[in-house]
Structure formats: C-alpha cells, structure tokens
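Structure file protein.cif (mmCIF, C-alpha atoms, pLDDT in the B column; chains and numbers go by the auth columns) follows.
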data_query
loop_
_atom_site.group_PDB
_atom_site.id
_atom_site.type_symbol
_atom_site.label_atom_id
_atom_site.label_comp_id
_atom_site.label_asym_id
_atom_site.label_seq_id
_atom_site.Cartn_x
_atom_site.Cartn_y
_atom_site.Cartn_z
_atom_site.B_iso_or_equiv
_atom_site.auth_seq_id
_atom_site.auth_asym_id
ATOM 1 C CA MET A 1 78.717 157.249 93.048 50.00 1458 T
ATOM 2 C CA THR A 2 82.005 156.200 94.626 65.00 1459 T
ATOM 3 C CA ASP A 3 84.219 153.767 92.744 81.00 1460 T
ATOM 4 C CA LEU A 4 85.232 150.675 94.655 88.00 1461 T
ATOM 5 C CA ASP A 5 88.946 150.188 95.280 88.00 1462 T
ATOM 6 C CA PRO A 6 89.955 147.151 93.170 87.00 1463 T
ATOM 7 C CA HIS A 7 92.641 146.201 95.708 89.00 1464 T
ATOM 8 C CA VAL A 8 89.938 145.814 98.351 91.00 1465 T
ATOM 9 C CA HIS A 9 87.012 144.687 96.196 91.00 1466 T
ATOM 10 C CA GLN A 10 88.727 141.524 94.942 92.00 1467 T
ATOM 11 C CA PRO A 11 87.049 138.774 97.046 93.00 1468 T
ATOM 12 C CA THR A 12 90.180 137.073 98.383 94.00 1469 T
ATOM 13 C CA ARG A 13 91.861 140.365 99.263 95.00 1470 T
ATOM 14 C CA LEU A 14 88.681 141.590 100.944 95.00 1471 T
ATOM 15 C CA ARG A 15 88.680 138.448 103.101 95.00 1472 T
ATOM 16 C CA LEU A 16 92.352 138.978 103.954 96.00 1473 T
ATOM 17 C CA LEU A 17 91.806 142.614 104.898 96.00 1474 T
ATOM 18 C CA MET A 18 88.763 141.752 107.003 95.00 1475 T
ATOM 19 C CA LEU A 19 90.720 139.076 108.865 95.00 1476 T
ATOM 20 C CA LEU A 20 93.673 141.386 109.458 96.00 1477 T
ATOM 21 C CA SER A 21 91.385 144.188 110.649 95.00 1478 T
ATOM 22 C CA GLY A 22 90.440 142.065 113.666 94.00 1479 T
ATOM 23 C CA VAL A 23 93.941 141.100 114.822 95.00 1480 T
ATOM 24 C CA ASP A 24 97.298 142.764 115.451 95.00 1481 T
ATOM 25 C CA SER A 25 98.976 140.377 113.000 95.00 1482 T
ATOM 26 C CA ALA A 26 98.539 136.960 111.446 95.00 1483 T
ATOM 27 C CA ASP A 27 101.162 134.579 110.143 93.00 1484 T
ATOM 28 C CA PHE A 28 101.310 132.941 106.737 95.00 1485 T
ATOM 29 C CA THR A 29 100.453 129.439 107.961 93.00 1486 T
ATOM 30 C CA PHE A 30 97.410 130.651 109.898 94.00 1487 T
ATOM 31 C CA LEU A 31 96.012 132.534 106.881 95.00 1488 T
ATOM 32 C CA LEU A 32 96.839 129.651 104.563 94.00 1489 T
ATOM 33 C CA GLY A 33 94.859 127.186 106.671 93.00 1490 T
ATOM 34 C CA LEU A 34 91.974 129.538 107.373 93.00 1491 T
ATOM 35 C CA LEU A 35 91.363 130.607 103.792 93.00 1492 T
ATOM 36 C CA GLY A 36 92.286 127.390 102.018 92.00 1493 T
ATOM 37 C CA LEU A 37 94.489 129.151 99.457 94.00 1494 T
ATOM 38 C CA THR A 38 97.616 127.825 97.814 94.00 1495 T
ATOM 39 C CA LYS A 39 100.944 129.213 99.018 95.00 1496 T
ATOM 40 C CA GLY A 40 101.507 131.007 95.735 95.00 1497 T
ATOM 41 C CA ASN A 41 98.022 132.492 95.674 95.00 1498 T
ATOM 42 C CA LEU A 42 98.250 133.826 99.228 96.00 1499 T
ATOM 43 C CA SER A 43 101.721 135.208 98.596 95.00 1500 T
ATOM 44 C CA SER A 44 100.582 136.937 95.401 95.00 1501 T
ATOM 45 C CA HIS A 45 97.588 138.598 97.062 96.00 1502 T
ATOM 46 C CA MET A 46 99.659 139.749 100.014 96.00 1503 T
ATOM 47 C CA THR A 47 102.310 141.198 97.709 95.00 1504 T
ATOM 48 C CA ARG A 48 99.625 143.239 95.923 95.00 1505 T
ATOM 49 C CA LEU A 49 98.264 144.489 99.226 96.00 1506 T
ATOM 50 C CA GLU A 50 101.789 145.384 100.368 96.00 1507 T
ATOM 51 C CA GLU A 51 102.460 147.257 97.102 96.00 1508 T
ATOM 52 C CA ALA A 52 99.232 149.232 97.661 95.00 1509 T
ATOM 53 C CA GLY A 53 100.461 150.109 101.169 96.00 1510 T
ATOM 54 C CA TYR A 54 97.588 148.253 102.864 97.00 1511 T
ATOM 55 C CA VAL A 55 99.588 145.482 104.530 97.00 1512 T
ATOM 56 C CA LYS A 56 102.959 145.331 106.263 97.00 1513 T
ATOM 57 C CA ILE A 57 104.924 142.116 105.827 96.00 1514 T
ATOM 58 C CA ALA A 58 107.371 141.066 108.553 95.00 1515 T
ATOM 59 C CA LYS A 59 109.791 138.187 107.964 94.00 1516 T
ATOM 60 C CA THR A 60 111.517 136.706 110.978 94.00 1517 T
ATOM 61 C CA PHE A 61 113.182 133.462 112.002 93.00 1518 T
ATOM 62 C CA THR A 62 112.468 131.250 114.973 86.00 1519 T
ATOM 63 C CA GLY A 63 115.759 129.417 115.128 90.00 1520 T
ATOM 64 C CA LYS A 64 116.196 128.325 111.526 92.00 1521 T
ATOM 65 C CA ILE A 65 112.488 128.309 110.723 91.00 1522 T
ATOM 66 C CA PRO A 66 111.236 131.300 108.698 91.00 1523 T
ATOM 67 C CA ASN A 67 108.035 133.014 109.806 93.00 1524 T
ATOM 68 C CA THR A 68 106.126 135.569 107.722 95.00 1525 T
ATOM 69 C CA SER A 69 103.463 137.649 109.418 95.00 1526 T
ATOM 70 C CA TYR A 70 101.137 140.310 108.098 97.00 1527 T
ATOM 71 C CA SER A 71 99.481 143.307 109.681 97.00 1528 T
ATOM 72 C CA LEU A 72 97.076 145.929 108.409 97.00 1529 T
ATOM 73 C CA THR A 73 98.601 149.386 107.982 97.00 1530 T
ATOM 74 C CA PRO A 74 96.747 152.601 108.877 97.00 1531 T
ATOM 75 C CA THR A 75 96.359 153.168 105.109 96.00 1532 T
ATOM 76 C CA GLY A 76 94.854 149.689 104.734 96.00 1533 T
ATOM 77 C CA ARG A 77 92.462 150.256 107.633 96.00 1534 T
ATOM 78 C CA ALA A 78 91.340 153.597 106.145 95.00 1535 T
ATOM 79 C CA SER A 79 90.891 152.022 102.718 94.00 1536 T
ATOM 80 C CA LEU A 80 88.746 149.274 104.197 94.00 1537 T
ATOM 81 C CA LYS A 81 86.560 151.901 105.935 94.00 1538 T
ATOM 82 C CA ARG A 82 86.177 153.817 102.659 92.00 1539 T
ATOM 83 C CA TYR A 83 85.232 150.578 100.927 92.00 1540 T
ATOM 84 C CA TRP A 84 82.431 149.831 103.412 92.00 1541 T
ATOM 85 C CA ARG A 85 81.175 153.436 103.181 90.00 1542 T
ATOM 86 C CA ALA A 86 81.051 153.086 99.381 90.00 1543 T
ATOM 87 C CA ILE A 87 79.144 149.791 99.686 89.00 1544 T
ATOM 88 C CA ASP A 88 76.667 151.454 102.078 88.00 1545 T
ATOM 89 C CA GLU A 89 76.238 154.333 99.624 86.00 1546 T
ATOM 90 C CA ILE A 90 75.485 151.897 96.818 83.00 1547 T
ATOM 91 C CA ARG A 91 72.959 150.078 99.001 82.00 1548 T
ATOM 92 C CA GLN A 92 71.214 153.322 99.973 82.00 1549 T
ATOM 93 C CA THR A 93 70.962 154.658 96.434 80.00 1550 T
ATOM 94 C CA ALA A 94 69.842 151.394 94.836 69.00 1551 T
ATOM 95 C CA PRO A 95 66.142 151.312 93.979 69.00 1552 T
ATOM 96 C CA ALA A 96 63.981 149.233 96.243 62.00 1553 T
ATOM 97 C CA ILE A 97 63.621 145.767 94.890 60.00 1554 T
ATOM 98 C CA VAL A 98 60.013 144.866 94.278 53.00 1555 T
ATOM 99 C CA PRO A 99 59.290 141.171 94.520 59.00 1556 T
ATOM 100 C CA ALA A 100 58.379 139.624 91.201 60.00 1557 T
ATOM 101 C CA ARG A 101 54.732 138.743 90.742 65.00 1558 T
ATOM 102 C CA ARG A 102 54.023 135.105 91.062 67.00 1559 T
ATOM 103 C CA PRO A 103 52.262 133.558 88.119 65.00 1560 T
ATOM 104 C CA ARG A 104 48.625 132.786 88.769 67.00 1561 T
ATOM 105 C CA ARG A 105 47.869 129.266 89.784 69.00 1562 T
ATOM 106 C CA ARG A 106 45.999 127.436 87.137 66.00 1563 T
ATOM 107 C CA GLN A 107 42.606 126.135 88.127 66.00 1564 T
ATOM 108 C CA ALA A 108 42.408 122.387 88.343 63.00 1565 T
ATOM 109 C CA VAL A 109 40.415 121.032 85.466 63.00 1566 T
ATOM 110 C CA ALA A 110 38.379 117.889 85.939 64.00 1567 T
ATOM 111 C CA ARG A 111 39.520 115.358 83.391 67.00 1568 T
ATOM 112 C CA PRO A 112 37.465 112.393 82.389 68.00 1569 T
ATOM 113 C CA GLN A 113 38.703 109.086 83.736 70.00 1570 T
ATOM 114 C CA PRO A 114 39.977 106.688 81.089 69.00 1571 T
ATOM 115 C CA ARG A 115 37.583 103.852 80.322 70.00 1572 T
ATOM 116 C CA SER A 116 38.681 100.405 81.199 65.00 1573 T
ATOM 117 C CA ALA A 117 38.947 97.785 78.494 64.00 1574 T
ATOM 118 C CA GLU A 118 36.072 95.808 80.075 62.00 1575 T
ATOM 119 C CA THR A 119 33.330 98.373 79.363 52.00 1576 T
#

Before anything else, please render the file you have as structure tokens.
Amino acid sequence: MTDLDPHVHQPTRLRLLMLLSGVDSADFTFLLGLLGLTKGNLSSHMTRLEEAGYVKIAKTFTGKIPNTSYSLTPTGRASLKRYWRAIDEIRQTAPAIVPARRPRRRQAVARPQPRSAET
C-alpha cells in the first residue's frame, strides 16, 4: 500500500493545496478569510509547503502595502495527484463494510395495571 505524503495529508495543508489547485494564485488575505486560520498558522503551513516545493510564495508591494500570494508548483500539483491516487487505492483495497446487525426488538409485554387505592 502507498504511504500518504504527510505534507499533503495534514488537513489544513490538504485544504490549502485543494484551493490552490483550482486557481492560478491566491493571496494571503483571501486564504486567511476563507479558511478561518490565524495569520501565524497560515504562514506556518505555507512555509512548510514551500519548503517541500509544493507552493511558490510571491511577495510584492502595491504602493507601500505588502501583498503575499501563493501558487501551486508543478511538484505540488503532482504530489496532490499522487495523494488522491493513494486514497483511491486505499478505498479499493479496503474490505467491504457490512452493516452491523440491529438488535432484535423486544416483544411488548402486557403489564398488569396498578390497582387504585379505592378497590
């Protein structure tokens, strides 16, 4: 069985890679708002993806305002494809899940009615 790439398998990084796979690039503020991460958390995940060669980080200025944008590299795109192939392989080789048997319903038992104090 194929091992899953830990850079891709981590849930937040998987979400980032999936988002970037559908666009040419996305800026920091857009990703921050969309994913609801903290600035430090997003920055940390993107640094790890950059170190793995999966994401390219571009820092520019619009006037005096800094803008950081991210794009998926060909290596990142290939890694994401390998990840989904590995997931499909796991799904195909997993045994079929048999639904658990439901416990039998108990038969209703007639219970005597309590006597009233008047009888």

Exercise: Leu1471 in chain T partners within 12 Å, all atoms listed in the file, chain neighbours under 4 positions left out, as a PDB file with C-alpha atoms, in the coordinates of the input:
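The result, written out as selection.pdb:
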ATOM      1  CA  LEU T1461      85.232 150.675  94.655  1.00 88.00           C
ATOM      2  CA  ASP T1462      88.946 150.188  95.280  1.00 88.00           C
ATOM      3  CA  PRO T1463      89.955 147.151  93.170  1.00 87.00           C
ATOM      4  CA  HIS T1464      92.641 146.201  95.708  1.00 89.00           C
ATOM      5  CA  VAL T1465      89.938 145.814  98.351  1.00 91.00           C
ATOM      6  CA  HIS T1466      87.012 144.687  96.196  1.00 91.00           C
ATOM      7  CA  GLN T1467      88.727 141.524  94.942  1.00 92.00           C
ATOM      8  CA  MET T1475      88.763 141.752 107.003  1.00 95.00           C
ATOM      9  CA  LEU T1476      90.720 139.076 108.865  1.00 95.00           C
ATOM     10  CA  LEU T1477      93.673 141.386 109.458  1.00 96.00           C
ATOM     11  CA  SER T1478      91.385 144.188 110.649  1.00 95.00           C
ATOM     12  CA  LEU T1492      91.363 130.607 103.792  1.00 93.00           C
ATOM     13  CA  HIS T1502      97.588 138.598  97.062  1.00 96.00           C
ATOM     14  CA  MET T1503      99.659 139.749 100.014  1.00 96.00           C
ATOM     15  CA  LEU T1506      98.264 144.489  99.226  1.00 96.00           C
ATOM     16  CA  TYR T1511      97.588 148.253 102.864  1.00 97.00           C
ATOM     17  CA  GLY T1533      94.854 149.689 104.734  1.00 96.00           C
ATOM     18  CA  ARG T1534      92.462 150.256 107.633  1.00 96.00           C
ATOM     19  CA  SER T1536      90.891 152.022 102.718  1.00 94.00           C
ATOM     20  CA  LEU T1537      88.746 149.274 104.197  1.00 94.00           C
ATOM     21  CA  LYS T1538      86.560 151.901 105.935  1.00 94.00           C
ATOM     22  CA  TYR T1540      85.232 150.578 100.927  1.00 92.00           C
ATOM     23  CA  TRP T1541      82.431 149.831 103.412  1.00 92.00           C
TER      24      TRP T1541
END

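Residues matched by the PyMOL selection byres ((chain T and resi 1518-1530) around 6) in this file: Leu1477, Ser1482, Ala1483, Asp1484, Phe1485, Tyr1511, Val1512, Lys1513, Ile1514, Ala1515, Lys1516, Thr1517, Pro1531, Thr1532 and Gly1533 of chain T.
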
Hits of the PyMOL selection byres ((chain T and resi 1543) around 8) in this structure, as a ChimeraX atom specification: /T:1458-1461,1539-1542,1544-1547

CA of Gly1493 in chain T to CA of Arg1470 in chain T, distance in Å rounded to a single decimal: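 If I compute the distance from CA of Gly1493 in chain T to CA of Arg1470 in chain T, I get 13.3 Å.
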
Please supply range 1499-1534 of chain T, rebuilt with N, CA and C atoms, as a CSV table (one decimal), in the coordinates of the input.
chain,number,residue,atom,x,y,z
T,1499,LEU,N,98.2,133.0,98.1
T,1499,LEU,CA,98.2,133.8,99.2
T,1499,LEU,C,99.4,134.8,99.1
T,1500,SER,N,100.6,134.3,98.7
T,1500,SER,CA,101.7,135.2,98.6
T,1500,SER,C,101.5,136.3,97.6
T,1501,SER,N,100.9,136.0,96.5
T,1501,SER,CA,100.6,136.9,95.4
T,1501,SER,C,99.6,138.0,95.9
T,1502,HIS,N,98.6,137.6,96.6
T,1502,HIS,CA,97.6,138.6,97.1
T,1502,HIS,C,98.2,139.5,98.1
T,1503,MET,N,99.0,138.9,99.0
T,1503,MET,CA,99.7,139.7,100.0
T,1503,MET,C,100.7,140.7,99.4
T,1504,THR,N,101.4,140.3,98.4
T,1504,THR,CA,102.3,141.2,97.7
T,1504,THR,C,101.6,142.4,97.1
T,1505,ARG,N,100.4,142.1,96.5
T,1505,ARG,CA,99.6,143.2,95.9
T,1505,ARG,C,99.1,144.2,97.0
T,1506,LEU,N,98.7,143.6,98.1
T,1506,LEU,CA,98.3,144.5,99.2
T,1506,LEU,C,99.4,145.3,99.8
T,1507,GLU,N,100.6,144.7,99.9
T,1507,GLU,CA,101.8,145.4,100.4
T,1507,GLU,C,102.2,146.5,99.4
T,1508,GLU,N,102.1,146.2,98.1
T,1508,GLU,CA,102.5,147.3,97.1
T,1508,GLU,C,101.5,148.4,97.2
T,1509,ALA,N,100.2,148.2,97.5
T,1509,ALA,CA,99.2,149.2,97.7
T,1509,ALA,C,99.4,150.0,99.0
T,1510,GLY,N,100.2,149.5,99.9
T,1510,GLY,CA,100.5,150.1,101.2
T,1510,GLY,C,99.4,149.7,102.2
T,1511,TYR,N,98.7,148.7,102.0
T,1511,TYR,CA,97.6,148.3,102.9
T,1511,TYR,C,98.0,147.2,103.9
T,1512,VAL,N,99.1,146.5,103.6
T,1512,VAL,CA,99.6,145.5,104.5
T,1512,VAL,C,101.1,145.6,104.7
T,1513,LYS,N,101.5,145.4,106.0
T,1513,LYS,CA,103.0,145.3,106.3
T,1513,LYS,C,103.4,143.9,106.4
T,1514,ILE,N,104.4,143.5,105.8
T,1514,ILE,CA,104.9,142.1,105.8
T,1514,ILE,C,106.2,142.1,106.7
T,1515,ALA,N,106.2,141.2,107.7
T,1515,ALA,CA,107.4,141.1,108.6
T,1515,ALA,C,107.9,139.6,108.4
T,1516,LYS,N,109.2,139.5,108.1
T,1516,LYS,CA,109.8,138.2,108.0
T,1516,LYS,C,110.8,138.0,109.1
T,1517,THR,N,110.6,137.0,109.9
T,1517,THR,CA,111.5,136.7,111.0
T,1517,THR,C,111.9,135.2,111.0
T,1518,PHE,N,112.8,134.9,111.9
T,1518,PHE,CA,113.2,133.5,112.0
T,1518,PHE,C,113.0,133.1,113.5
T,1519,THR,N,112.5,131.9,113.7
T,1519,THR,CA,112.5,131.2,115.0
T,1519,THR,C,113.5,130.1,114.9
T,1520,GLY,N,114.7,130.4,115.4
T,1520,GLY,CA,115.8,129.4,115.1
T,1520,GLY,C,116.1,129.5,113.6
T,1521,LYS,N,115.9,128.4,113.0
T,1521,LYS,CA,116.2,128.3,111.5
T,1521,LYS,C,114.9,128.3,110.7
T,1522,ILE,N,113.8,128.4,111.4
T,1522,ILE,CA,112.5,128.3,110.7
T,1522,ILE,C,112.0,129.7,110.4
T,1523,PRO,N,111.7,130.0,109.1
T,1523,PRO,CA,111.2,131.3,108.7
T,1523,PRO,C,109.8,131.5,109.1
T,1524,ASN,N,109.4,132.7,109.4
T,1524,ASN,CA,108.0,133.0,109.8
T,1524,ASN,C,107.7,134.4,109.2
T,1525,THR,N,106.6,134.3,108.4
T,1525,THR,CA,106.1,135.6,107.7
T,1525,THR,C,104.8,135.9,108.4
T,1526,SER,N,104.7,137.2,108.8
T,1526,SER,CA,103.5,137.6,109.4
T,1526,SER,C,103.0,138.9,108.7
T,1527,TYR,N,101.7,139.2,108.8
T,1527,TYR,CA,101.1,140.3,108.1
T,1527,TYR,C,100.3,141.1,109.1
T,1528,SER,N,100.3,142.4,108.9
T,1528,SER,CA,99.5,143.3,109.7
T,1528,SER,C,98.9,144.4,108.8
T,1529,LEU,N,97.8,144.9,109.2
T,1529,LEU,CA,97.1,145.9,108.4
T,1529,LEU,C,97.7,147.3,108.8
T,1530,THR,N,98.0,148.1,107.7
T,1530,THR,CA,98.6,149.4,108.0
T,1530,THR,C,97.5,150.4,108.2
T,1531,PRO,N,97.8,151.6,108.7
T,1531,PRO,CA,96.7,152.6,108.9
T,1531,PRO,C,96.1,152.9,107.5
T,1532,THR,N,96.9,152.9,106.5
T,1532,THR,CA,96.4,153.2,105.1
T,1532,THR,C,95.4,152.1,104.7
T,1533,GLY,N,95.7,150.8,105.0
T,1533,GLY,CA,94.9,149.7,104.7
T,1533,GLY,C,93.6,149.8,105.5
T,1534,ARG,N,93.7,150.1,106.8
T,1534,ARG,CA,92.5,150.3,107.6
T,1534,ARG,C,91.5,151.4,107.1
